[in-house]
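Undergrad: I am sharing coords01.txt, which consists of compact mmCIF, C-alpha atoms:
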```txt
# COMPACT_ATOMS: atom_id res chain seq x y z
CA MET A 1 79.58 84.28 127.64
CA ASP A 2 79.59 88.07 127.38
CA LYS A 3 81.20 88.65 123.99
CA VAL A 4 81.35 92.41 124.38
CA ARG A 5 83.26 92.02 127.61
CA LEU A 6 85.66 89.57 126.00
CA GLN A 7 86.20 91.94 123.09
CA ARG A 8 86.93 94.75 125.50
CA GLU A 9 89.39 92.60 127.42
CA ALA A 10 91.17 91.68 124.19
CA ALA A 11 91.30 95.33 123.13
CA PHE A 12 92.71 96.24 126.53
CA ILE A 13 95.48 93.67 126.29
CA ARG A 14 96.30 94.91 122.81
CA SER A 15 96.52 98.57 123.85
CA SER A 16 98.68 97.77 126.85
CA LEU A 17 101.05 95.71 124.75
CA LEU A 18 101.42 98.64 122.35
CA ASP A 19 101.52 101.38 124.99
CA GLN A 20 104.05 99.58 127.16
CA GLY A 21 106.37 98.93 124.24
CA TYR A 22 106.00 95.16 124.08
CA LEU A 23 104.76 95.56 120.54
CA ASP A 24 105.36 98.29 117.98
CA GLU A 25 103.91 99.63 114.76
CA GLN A 26 104.96 96.57 112.81
CA PHE A 27 102.31 94.58 114.69
CA ILE A 28 99.73 97.09 113.55
CA GLN A 29 100.99 96.66 109.98
CA LEU A 30 100.35 92.93 110.34
CA GLU A 31 96.83 93.61 111.55
CA GLU A 32 96.25 95.74 108.48
CA LEU A 33 97.16 92.79 106.30
CA GLN A 34 94.36 90.76 107.81
CA ASP A 35 91.18 90.70 105.74
CA ASN A 36 88.52 88.34 104.50
CA ASP A 37 91.00 86.49 102.29
CA ASN A 38 93.41 86.24 105.18
CA PRO A 39 91.27 86.26 108.33
CA ASN A 40 93.83 84.78 110.73
CA PHE A 41 96.97 86.31 109.35
CA VAL A 42 98.26 87.86 112.57
CA GLU A 43 97.78 84.75 114.63
CA GLU A 44 99.39 82.64 111.90
CA VAL A 45 102.44 84.86 111.78
CA VAL A 46 102.77 84.95 115.56
CA THR A 47 102.38 81.17 115.79
CA LEU A 48 105.02 80.74 113.10
CA PHE A 49 107.27 83.11 115.01
CA TYR A 50 107.04 81.04 118.18
CA THR A 51 107.54 77.74 116.39
CA ASP A 52 110.44 79.00 114.34
CA SER A 53 112.21 80.87 117.09
CA ALA A 54 111.93 77.93 119.50
CA ARG A 55 114.46 76.29 117.23
CA LEU A 56 116.72 79.35 117.26
CA ILE A 57 116.54 79.64 121.03
CA TYR A 58 117.52 76.00 121.35
CA ASN A 59 120.45 76.59 119.01
CA ILE A 60 121.62 79.60 120.99
CA ASP A 61 121.33 77.68 124.26
CA GLN A 62 123.40 74.87 122.77
CA ALA A 63 125.97 77.29 121.39
CA LEU A 64 126.29 78.88 124.83
CA LEU A 65 127.02 75.45 126.28
CA SER A 66 129.75 74.64 123.76
CA ASN A 67 133.36 75.15 124.59
CA PRO A 68 135.04 77.10 123.09
CA THR A 69 132.26 79.60 122.43
CA ASP A 70 131.62 80.22 118.75
CA PHE A 71 130.67 83.91 118.83
CA THR A 72 130.15 84.05 115.08
CA LYS A 73 127.53 81.33 115.28
CA LEU A 74 125.88 83.03 118.22
CA ASP A 75 125.77 86.27 116.31
CA ASP A 76 124.25 84.55 113.26
CA TYR A 77 121.52 82.86 115.27
CA MET A 78 120.77 86.08 117.10
CA HIS A 79 120.60 87.98 113.82
CA GLN A 80 117.96 85.53 112.62
CA PHE A 81 116.05 85.73 115.87
CA LYS A 82 116.17 89.51 115.93
CA GLY A 83 114.93 89.62 112.34
CA SER A 84 111.93 87.53 113.26
CA CYS A 85 111.18 89.72 116.27
CA SER A 86 111.32 92.73 114.01
CA SER A 87 108.93 91.18 111.54
CA ILE A 88 106.18 90.68 114.08
CA GLY A 89 106.80 93.90 115.97
CA ALA A 90 108.11 92.31 119.16
CA LYS A 91 109.79 95.52 120.24
CA LYS A 92 110.94 94.72 123.77
CA VAL A 93 112.41 91.36 122.86
CA LYS A 94 114.13 92.88 119.85
CA ASN A 95 115.69 95.63 121.96
CA GLU A 96 117.11 93.09 124.41
CA CYS A 97 118.78 91.45 121.42
CA ASN A 98 120.84 94.58 120.71
CA GLY A 99 122.67 94.12 123.98
CA PHE A 100 123.44 90.53 123.08
CA GLY A 101 124.95 91.61 119.77
CA GLU A 102 127.31 94.00 121.53
CA TYR A 103 128.50 91.33 123.95
CA CYS A 104 129.05 88.97 121.02
CA GLU A 105 131.22 91.48 119.29
CA ALA A 106 133.19 92.01 122.47
CA GLN A 107 133.38 88.22 122.85
CA ASN A 108 132.03 88.63 126.34
CA TYR A 109 130.56 85.23 127.28
CA ASP A 110 129.07 86.29 130.61
CA GLY A 111 127.38 89.27 129.02
CA CYS A 112 125.94 87.06 126.30
CA PHE A 113 124.72 84.47 128.75
CA ARG A 114 123.07 86.95 131.10
CA THR A 115 121.45 88.92 128.32
CA PHE A 116 120.11 85.78 126.76
CA GLN A 117 118.34 84.79 129.98
CA GLN A 118 116.66 88.21 129.91
CA ILE A 119 115.74 87.75 126.27
CA LYS A 120 114.13 84.40 127.01
CA GLN A 121 112.21 85.95 129.87
CA GLU A 122 110.80 88.74 127.69
CA TYR A 123 110.08 86.25 124.95
CA ILE A 124 108.05 83.99 127.26
CA ASN A 125 106.34 86.99 128.78
CA LEU A 126 105.15 88.21 125.40
CA LYS A 127 104.13 84.73 124.35
CA LYS A 128 101.81 84.36 127.35
CA LYS A 129 100.21 87.72 126.75
CA LEU A 130 99.68 87.06 123.05
CA GLU A 131 98.24 83.62 123.72
CA THR A 132 95.70 85.16 126.08
CA TYR A 133 94.95 87.85 123.53
CA PHE A 134 94.26 85.45 120.67
CA GLN A 135 92.25 83.18 122.91
CA LEU A 136 90.03 86.07 123.92
CA LEU A 137 89.61 87.10 120.28
CA LYS A 138 88.49 83.57 119.43
CA GLU A 139 86.00 83.46 122.26
CA ALA A 140 84.71 86.91 121.42
CA ALA A 141 84.11 86.09 117.78
CA MET B 1 115.07 120.84 93.78
CA ILE B 2 118.52 121.78 92.44
CA LEU B 3 121.31 119.21 92.22
CA ILE B 4 124.82 120.60 91.83
CA ASP B 5 127.90 118.49 91.22
CA LYS B 6 130.89 119.46 93.34
CA ASP B 7 133.04 120.02 90.26
CA ALA B 8 130.54 122.54 88.95
CA TRP B 9 130.28 124.09 92.39
CA ASP B 10 133.96 124.89 92.38
CA LYS B 11 133.71 126.53 88.94
CA GLU B 12 130.42 128.45 89.07
CA SER B 13 130.96 130.70 92.07
CA SER B 14 129.27 133.82 90.66
CA THR B 15 126.11 131.92 89.79
CA LEU B 16 126.08 130.30 93.16
CA TYR B 17 126.42 133.68 94.80
CA SER B 18 123.24 134.74 93.04
CA ILE B 19 121.53 131.54 94.27
CA LYS B 20 122.52 132.47 97.79
CA LYS B 21 121.13 135.95 97.40
CA GLN B 22 117.86 134.67 95.96
CA LYS B 23 117.59 132.11 98.70
CA LYS B 24 118.03 134.73 101.37
CA ASN B 25 115.37 136.96 99.88
CA GLY B 26 113.24 134.12 98.63
CA ILE B 27 111.13 134.01 95.51
CA ASN B 28 108.68 136.90 95.98
CA GLY B 29 109.81 136.97 99.59
CA ASP B 30 108.81 133.34 100.12
CA ARG B 31 111.80 131.68 101.76
CA ILE B 32 110.08 128.45 102.58
CA ASN B 33 109.25 127.58 98.99
CA PHE B 34 112.75 128.18 97.64
CA PRO B 35 114.03 125.08 95.80
CA LYS B 36 116.12 122.74 97.91
CA VAL B 37 119.78 122.70 96.88
CA PHE B 38 121.74 119.46 97.07
CA LEU B 39 125.46 119.13 96.47
CA LEU B 40 126.64 115.88 94.89
CA ALA B 41 130.13 114.78 95.82
CA THR B 42 132.19 111.61 95.81
CA HIS B 43 134.23 112.12 98.91
CA LEU B 44 134.16 114.83 101.52
CA SER B 45 135.33 114.85 105.10
CA PRO B 46 132.80 115.71 107.82
CA ASN B 47 134.62 119.04 108.28
CA GLU B 48 134.36 119.88 104.60
CA CYS B 49 130.66 118.98 104.74
CA ASP B 50 130.10 121.31 107.68
CA GLU B 51 131.99 124.15 106.00
CA LEU B 52 129.96 123.83 102.83
CA LYS B 53 126.65 123.73 104.67
CA LYS B 54 127.62 126.80 106.69
CA ASN B 55 127.52 129.23 103.76
CA GLY B 56 123.74 128.87 103.58
CA VAL B 57 123.29 127.76 99.99
CA ILE B 58 123.25 123.99 100.39
CA ASP B 59 120.47 122.14 102.16
CA ASP B 60 122.30 118.84 102.19
CA ILE B 61 125.17 116.92 100.65
CA LEU B 62 124.63 113.61 98.86
CA MET B 63 127.44 111.18 98.18
CA LYS B 64 127.66 109.79 94.65
CA PRO B 65 126.61 107.25 93.59
CA PHE B 66 123.29 107.40 95.34
CA TRP B 67 119.93 105.77 94.95
CA LEU B 68 116.66 107.47 94.30
CA SER B 69 115.42 106.44 97.73
CA VAL B 70 118.32 108.38 99.30
CA LEU B 71 117.45 111.49 97.28
CA VAL B 72 113.80 111.22 98.22
CA CYS B 73 114.71 110.81 101.90
CA SER B 74 117.00 113.84 101.91
CA TYR B 75 114.46 115.94 100.06
CA ARG B 76 111.74 115.04 102.51
CA GLU B 77 114.04 115.83 105.43
CA SER B 78 114.89 119.22 103.94
CA LEU B 79 111.18 119.95 103.74
CA GLY B 80 110.94 119.09 107.41
CA ILE B 81 108.67 116.12 106.81
CA GLU B 82 108.90 113.45 109.50
CA LYS B 83 110.43 110.20 108.39
CA ARG B 84 107.64 107.90 109.41
CA GLN B 85 104.33 108.84 107.91
CA ILE B 86 101.59 106.38 107.26
CA ASN B 87 100.13 108.14 104.28
CA ARG B 88 96.87 106.60 103.21
CA LYS B 89 97.10 108.20 99.76
CA LYS B 90 100.45 106.56 99.09
CA VAL B 91 99.03 103.18 99.99
CA SER B 92 96.51 103.32 97.19
CA LYS B 93 99.20 104.47 94.75
CA LEU B 94 101.32 101.52 95.72
CA GLY B 95 98.26 99.35 95.22
CA ASN B 96 98.24 100.07 91.49
CA LEU B 97 101.95 99.70 91.09
CA LEU B 98 102.27 96.09 92.20
CA LEU B 99 98.96 94.81 90.91
CA GLN B 100 99.47 91.45 89.22
CA LYS B 101 103.22 91.75 89.31
CA ARG B 102 105.03 88.47 89.89
CA ILE B 103 107.51 88.87 92.68
CA LEU B 104 110.08 86.46 94.06
CA VAL B 105 111.03 86.78 97.71
CA VAL B 106 114.29 85.16 98.76
CA ASP B 107 114.79 84.86 102.52
CA ASP B 108 115.98 82.03 104.73
CA ASN B 109 113.76 83.20 107.59
CA ALA B 110 110.26 81.70 107.54
CA VAL B 111 108.65 84.53 109.50
CA ASN B 112 110.14 87.16 107.20
CA ARG B 113 108.95 85.25 104.15
CA LYS B 114 105.42 85.07 105.45
CA VAL B 115 105.27 88.75 106.36
CA ALA B 116 106.85 89.90 103.08
CA GLU B 117 104.40 87.71 101.19
CA GLY B 118 101.48 89.15 103.16
CA VAL B 119 102.47 92.73 102.44
CA LEU B 120 103.10 92.23 98.73
CA GLN B 121 99.93 90.18 98.27
CA LYS B 122 97.91 92.94 99.86
CA TYR B 123 98.99 95.16 97.00
CA GLY B 124 97.86 92.59 94.49
CA ALA B 125 101.18 91.02 93.63
CA THR B 126 101.58 87.30 92.99
CA VAL B 127 104.29 86.21 95.37
CA THR B 128 106.61 83.21 95.30
CA CYS B 129 108.90 82.64 98.26
CA VAL B 130 112.10 80.63 98.31
CA GLU B 131 114.46 79.83 101.11
CA GLY B 132 117.83 80.43 99.55
CA GLY B 133 120.19 81.10 96.69
CA ARG B 134 120.01 77.76 94.93
CA ALA B 135 116.23 77.91 94.61
CA ALA B 136 116.42 81.56 93.57
CA LEU B 137 118.82 80.73 90.77
CA GLN B 138 116.51 78.04 89.49
CA MET B 139 113.62 80.48 89.48
CA LEU B 140 115.49 83.36 87.88
CA LYS B 141 117.38 81.61 85.12
CA PRO B 142 116.00 83.08 81.90
CA PRO B 143 113.39 82.59 80.64
CA HIS B 144 111.11 83.18 83.58
CA ASN B 145 108.02 85.23 84.38
CA PHE B 146 109.09 87.24 87.39
CA ASP B 147 108.85 91.01 87.40
CA ALA B 148 111.00 91.70 90.43
CA CYS B 149 112.93 90.03 93.22
CA PHE B 150 113.40 90.91 96.86
CA MET B 151 116.62 89.43 98.15
CA ASP B 152 117.65 88.97 101.75
CA LEU B 153 121.31 89.79 102.20
CA GLN B 154 122.33 87.59 105.08
CA MET B 155 121.66 83.96 104.22
CA PRO B 156 123.70 80.97 105.36
CA GLU B 157 124.64 78.98 102.24
CA MET B 158 124.92 81.80 99.72
CA ASP B 159 124.45 85.41 100.70
CA GLY B 160 122.30 87.85 98.74
CA PHE B 161 125.30 89.44 97.06
CA GLU B 162 126.54 86.17 95.67
CA VAL B 163 123.11 85.08 94.49
CA THR B 164 122.65 88.39 92.68
CA ARG B 165 126.08 88.14 91.08
CA GLN B 166 125.20 84.72 89.74
CA ILE B 167 121.83 85.86 88.46
CA ARG B 168 123.50 88.68 86.53
CA ILE B 169 125.97 86.21 85.07
CA LEU B 170 123.10 84.03 83.85
CA GLU B 171 121.36 87.07 82.39
CA ASN B 172 124.49 88.44 80.70
CA ASP B 173 125.10 85.06 79.17
CA VAL B 174 121.66 85.04 77.60
CA ASN B 175 121.83 88.69 76.57
CA GLU B 176 125.14 88.17 74.81
CA LYS B 177 123.85 85.12 72.99
CA ILE B 178 120.83 87.04 71.77
CA ALA B 179 122.93 90.06 70.80
CA CYS B 180 125.34 88.05 68.69
CA GLY B 181 122.64 85.96 67.12
CA GLU B 182 123.64 82.72 68.77
CA ALA B 183 120.17 82.54 70.24
CA SER B 184 116.91 84.15 69.32
CA ALA B 185 114.82 86.26 71.62
CA GLU B 186 111.95 83.91 70.85
CA MET B 187 113.76 81.21 72.76
CA PHE B 188 113.66 83.50 75.75
CA GLY B 189 110.08 84.64 75.80
CA ASP B 190 110.65 87.34 73.17
CA ILE B 191 112.73 89.34 75.60
CA PHE B 192 115.90 90.78 74.08
CA TYR B 193 117.46 91.98 77.27
CA TRP B 194 117.16 90.30 80.61
CA HIS B 195 117.62 92.27 83.79
CA ILE B 196 115.25 91.54 86.60
CA PRO B 197 115.01 94.30 89.21
CA ILE B 198 116.60 92.94 92.37
CA LEU B 199 116.11 94.81 95.60
CA ALA B 200 118.05 93.95 98.73
CA MET B 201 116.04 93.54 101.89
CA THR B 202 118.08 94.56 104.84
CA ALA B 203 117.51 95.27 108.51
CA ASP B 204 120.93 96.86 108.62
CA VAL B 205 121.28 99.75 106.23
CA THR B 206 124.90 100.81 106.15
CA GLN B 207 126.97 102.53 103.54
CA ALA B 208 129.16 99.47 103.16
CA SER B 209 126.37 97.14 102.11
CA ASN B 210 125.00 99.92 99.92
CA GLU B 211 128.19 99.94 97.84
CA GLU B 212 128.39 96.17 97.73
CA CYS B 213 124.76 95.98 96.61
CA LYS B 214 125.49 98.09 93.59
CA LYS B 215 128.73 96.25 92.84
CA CYS B 216 127.06 92.88 92.64
CA GLY B 217 124.28 94.14 90.39
CA MET B 218 121.44 95.00 92.71
CA ASP B 219 119.06 97.77 91.74
CA GLY B 220 118.28 99.15 95.14
CA TYR B 221 117.39 98.23 98.66
CA VAL B 222 114.47 98.34 101.02
CA SER B 223 114.41 98.00 104.76
CA LYS B 224 113.10 94.95 106.53
CA PRO B 225 110.30 94.89 107.55
CA PHE B 226 108.88 96.82 104.61
CA GLU B 227 108.01 100.47 104.89
CA GLU B 228 105.26 101.48 102.49
CA GLU B 229 106.73 104.74 101.24
CA GLN B 230 110.16 103.24 100.72
CA LEU B 231 108.65 100.27 98.95
CA TYR B 232 106.74 102.56 96.65
CA THR B 233 109.79 104.70 95.86
CA ALA B 234 111.90 101.63 95.19
CA MET B 235 109.33 99.91 92.96
CA ALA B 236 108.11 102.96 91.08
CA ARG B 237 111.34 103.01 89.10
CA PHE B 238 110.64 99.68 87.48
CA PHE B 239 106.97 99.41 87.01
CA LYS B 240 104.55 101.30 84.84
CA PRO B 241 104.14 104.63 86.55
CA SER B 242 100.80 105.76 87.83
CA SER B 243 99.32 108.73 86.07
CA TYR B 244 100.63 110.99 88.85
CA VAL B 245 104.23 110.07 88.16
CA GLU B 246 103.63 110.28 84.41
CA ALA B 247 102.35 113.82 84.81
CA GLU B 248 105.39 114.79 86.84
CA CYS B 249 107.72 113.34 84.22
CA LEU B 250 105.96 115.29 81.53
CA ARG B 251 106.31 118.53 83.50
CA PHE B 252 109.97 117.90 84.04
CA SER B 253 110.78 117.12 80.41
CA THR B 254 108.85 120.16 79.23
CA MET B 255 110.76 122.36 81.65
CA ALA B 256 114.11 120.86 80.78
CA SER B 257 113.61 121.44 77.07
CA LEU B 258 112.42 125.01 77.70
CA ALA B 259 115.55 125.65 79.74
CA MET B 260 117.76 124.35 76.97
CA GLU B 261 116.00 126.44 74.35
CA ALA B 262 116.37 129.59 76.37
CA ASP B 263 120.15 128.97 76.39
CA LEU B 264 120.49 130.68 79.69
CA GLU B 265 123.74 131.94 81.12
CA CYS B 266 124.31 129.17 83.65
CA ASN B 267 123.69 126.37 81.21
CA TYR B 268 125.12 123.68 83.39
CA LEU B 269 122.76 124.31 86.26
CA THR B 270 119.65 124.45 84.17
CA ARG B 271 120.39 121.12 82.58
CA ILE B 272 120.55 119.29 85.87
CA SER B 273 117.66 116.96 86.72
CA CYS B 274 115.02 118.66 88.74
CA LEU B 275 111.83 117.05 89.89
CA GLY B 276 108.90 119.22 88.87
CA GLU B 277 110.12 122.49 90.28
CA ALA B 278 109.32 125.39 87.96
CA MET B 279 111.27 127.71 90.19
CA LEU B 280 114.55 126.79 88.59
CA LEU B 281 113.58 128.81 85.52
CA ARG B 282 112.53 131.74 87.66
CA LEU B 283 115.81 131.56 89.53
CA VAL B 284 118.02 132.12 86.51
```
Using structure tokens, write down the structure that the file contains.

TA:
Amino acid sequence: MDKVRLQREAAFIRSSLLDQGYLDEQFIQLEELQDNDNPNFVEEVVTLFYTDSARLIYNIDQALLSNPTDFTKLDDYMHQFKGSCSSIGAKKVKNECNGFGEYCEAQNYDGCFRTFQQIKQEYINLKKKLETYFQLLKEAA
Amino acid sequence: MILIDKDAWDKESSTLYSIKKQKKNGINGDRINFPKVFLLATHLSPNECDELKKNGVIDDILMKPFWLSVLVCSYRESLGIEKRQINRKKVSKLGNLLLQKRILVVDDNAVNRKVAEGVLQKYGATVTCVEGGRAALQMLKPPHNFDACFMDLQMPEMDGFEVTRQIRILENDVNEKIACGEASAEMFGDIFYWHIPILAMTADVTQASNEECKKCGMDGYVSKPFEEEQLYTAMARFFKPSSYVEAECLRFSTMASLAMEADLECNYLTRISCLGEAMLLRLV
């Protein structure tokens, strides 16, 4: 197991995520909070994000299935979700959420539905990349 | 920095003309280091704002009431400093400020709580997190040991505004009892006056929530997620200042009293708060 190679791979994933706008400066802020007292802080926060937002995504999916559509509820859930994205620096996902908010305000169901599928796609995309990243970090340690 | 109230502006035209002249020529020809001039007004239309800025005296217009963080932001902008600067020096200053302070974080979002806790702990604070208003009220009913509270605004059961209102009611109740002798300060940890600094945490900084924050008794706001400089500016008002800030305060008070003693012609202007800029004296 070539640890140096694994470290380099992890570093590469990290830079691409930052350069390509998947993650922003807030993620770096989280990394800066990691120290000997808190050695796994970033991974803990990211794991919490995925656990917590799974619930929100479920709620939004359910709300999109209800008739009539409760746009206020949708907006509230999305506000929560967006806040979480912001907190971990999930820039791309967060930006997709802005579109959703606008459609909510306009009470445009189709817009909301379509945008949400995109949001879920970005969300899963990021999740896979971060899982790989943390796995590499573990193996490289 | 020079702060001029709009009412004074309308009355002191000759003095302001001399400011304009000085600004054009600069102090010893140095235009860049001329003090920044801010106009304070309560309501102005965008057109009025543009007109006022056109005459070349004012650097910016601030709406009253405003928070220190707004003043700092405008001042930095007028100096041409970029908004986002990760300043390593500031980080260590902030480190002293929050050391061993007991802070309550109120947010219904688990991720936000964890991140806020992480940031504040890094600066040495002891952090307690609660999920909502009810728990916050239990924690902040006097007497308690908290030094400050960060309050999320948008929460499902009780929003941040309502929680703050209720905290202030609890505090006023105790303060009145102590003031009229119905209760002794000893019963409340030897504190005669209860007012915990409450800062709103908001991802959505708009003027509307700004006004409502003040109305319900909040002391300021910070953005979510935290920004170091903003956090420092917001917290520095409440906690024991670092020696740097103490030095600046001393400079200011010395200057202000000198200005008053000199009994200069434009008395009003010289008495206005000015953060460590000796140029005001040179100007008049």

Undergrad: For the interface of chain A with chain B (cut-off 7 Å, counting all atoms listed in the file), please tabulate each contacting residue of chain A alongside its nearest pair of atoms and their separation in Å to one decimal, rows sorted by chain and increasing number, as CSV.

TA:
```
residue,atom,partner,partner_atom,distance
A:Leu33,CA,B:Gly118,CA,6.5
A:Val45,CA,B:Val111,CA,6.6
A:Leu48,CA,B:Val111,CA,6.4
A:Phe49,CA,B:Val111,CA,5.9
A:Gln80,CA,B:Asn109,CA,7.0
A:Ser84,CA,B:Val111,CA,5.8
A:Ser86,CA,B:Pro225,CA,6.9
A:Ser87,CA,B:Pro225,CA,5.6
```

Undergrad: One number please: atom CA of Phe27 of chain A to atom CA of Cys85 of chain A, in Å, one decimal.

TA: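 Atom CA of Cys85 of chain A lies at a distance of 10.2 Å from atom CA of Phe27 of chain A.
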
Undergrad: Taking all atoms of segment 187-201 of chain B that appear in the file, build a box with edges along x, y and z, extend it by 4 Å on every side, and state its centre and edge lengths in Å to one decimal, as lines of an AutoDock Vina configuration file.

TA:
```
center_x = 114.1
center_y = 88.0
center_z = 87.3
size_x = 16.0
size_y = 21.6
size_z = 37.1
```

Undergrad: Could you name the residues that touch Cys104 of chain A at 6 Å or less, counting all atoms listed in the file, but leaving out those on the same chain fewer than 3 positions away, as a list in words?

TA: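 Skipping anything fewer than 3 positions along the chain leaves Phe71, Gly101 and Gln107 of chain A.
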
Undergrad: Please measure the separation of atom CA of Ile60 of chain A and atom CA of Lys73 of chain A, giving the value in Å to one decimal.

TA: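 So the two atoms, atom CA of Ile60 of chain A and atom CA of Lys73 of chain A, lie 8.4 Å apart.
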
Undergrad: Excluding Leu130 of chain A and any residue of its chain fewer than 6 positions from it, enumerate the residues within 9 Å of it, using all atoms listed in the file, and give them as a ChimeraX atom specification.

TA: /A:13-14,17,43,46

Undergrad: Pull C-alpha atoms from the residues just selected and write them as a compact mmCIF listing (two decimals), keeping the file's coordinate frame.

TA:
```txt
# COMPACT_ATOMS: atom_id res chain seq x y z
CA ILE A 13 95.48 93.67 126.29
CA ARG A 14 96.30 94.91 122.81
CA LEU A 17 101.05 95.71 124.75
CA GLU A 43 97.78 84.75 114.63
CA VAL A 46 102.77 84.95 115.56
```

Undergrad: Could you jot down the atom CA of Ala136 of chain B to atom CA of Ser53 of chain A separation for me, Å, one decimal place?

TA: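 We find that atom CA of Ala136 of chain B and atom CA of Ser53 of chain A lie 23.9 Å from each other.
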
Undergrad: Identify which of the residues A:Gln26, A:Gln118, A:Thr47, A:Gln62 lies closest to Gly99 of chain A, counting all atoms listed in the file when measuring atom-to-atom distances.

TA: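 Using all atoms listed in the file, the shortest distance to Gly99 of chain A belongs to A:Gln118.
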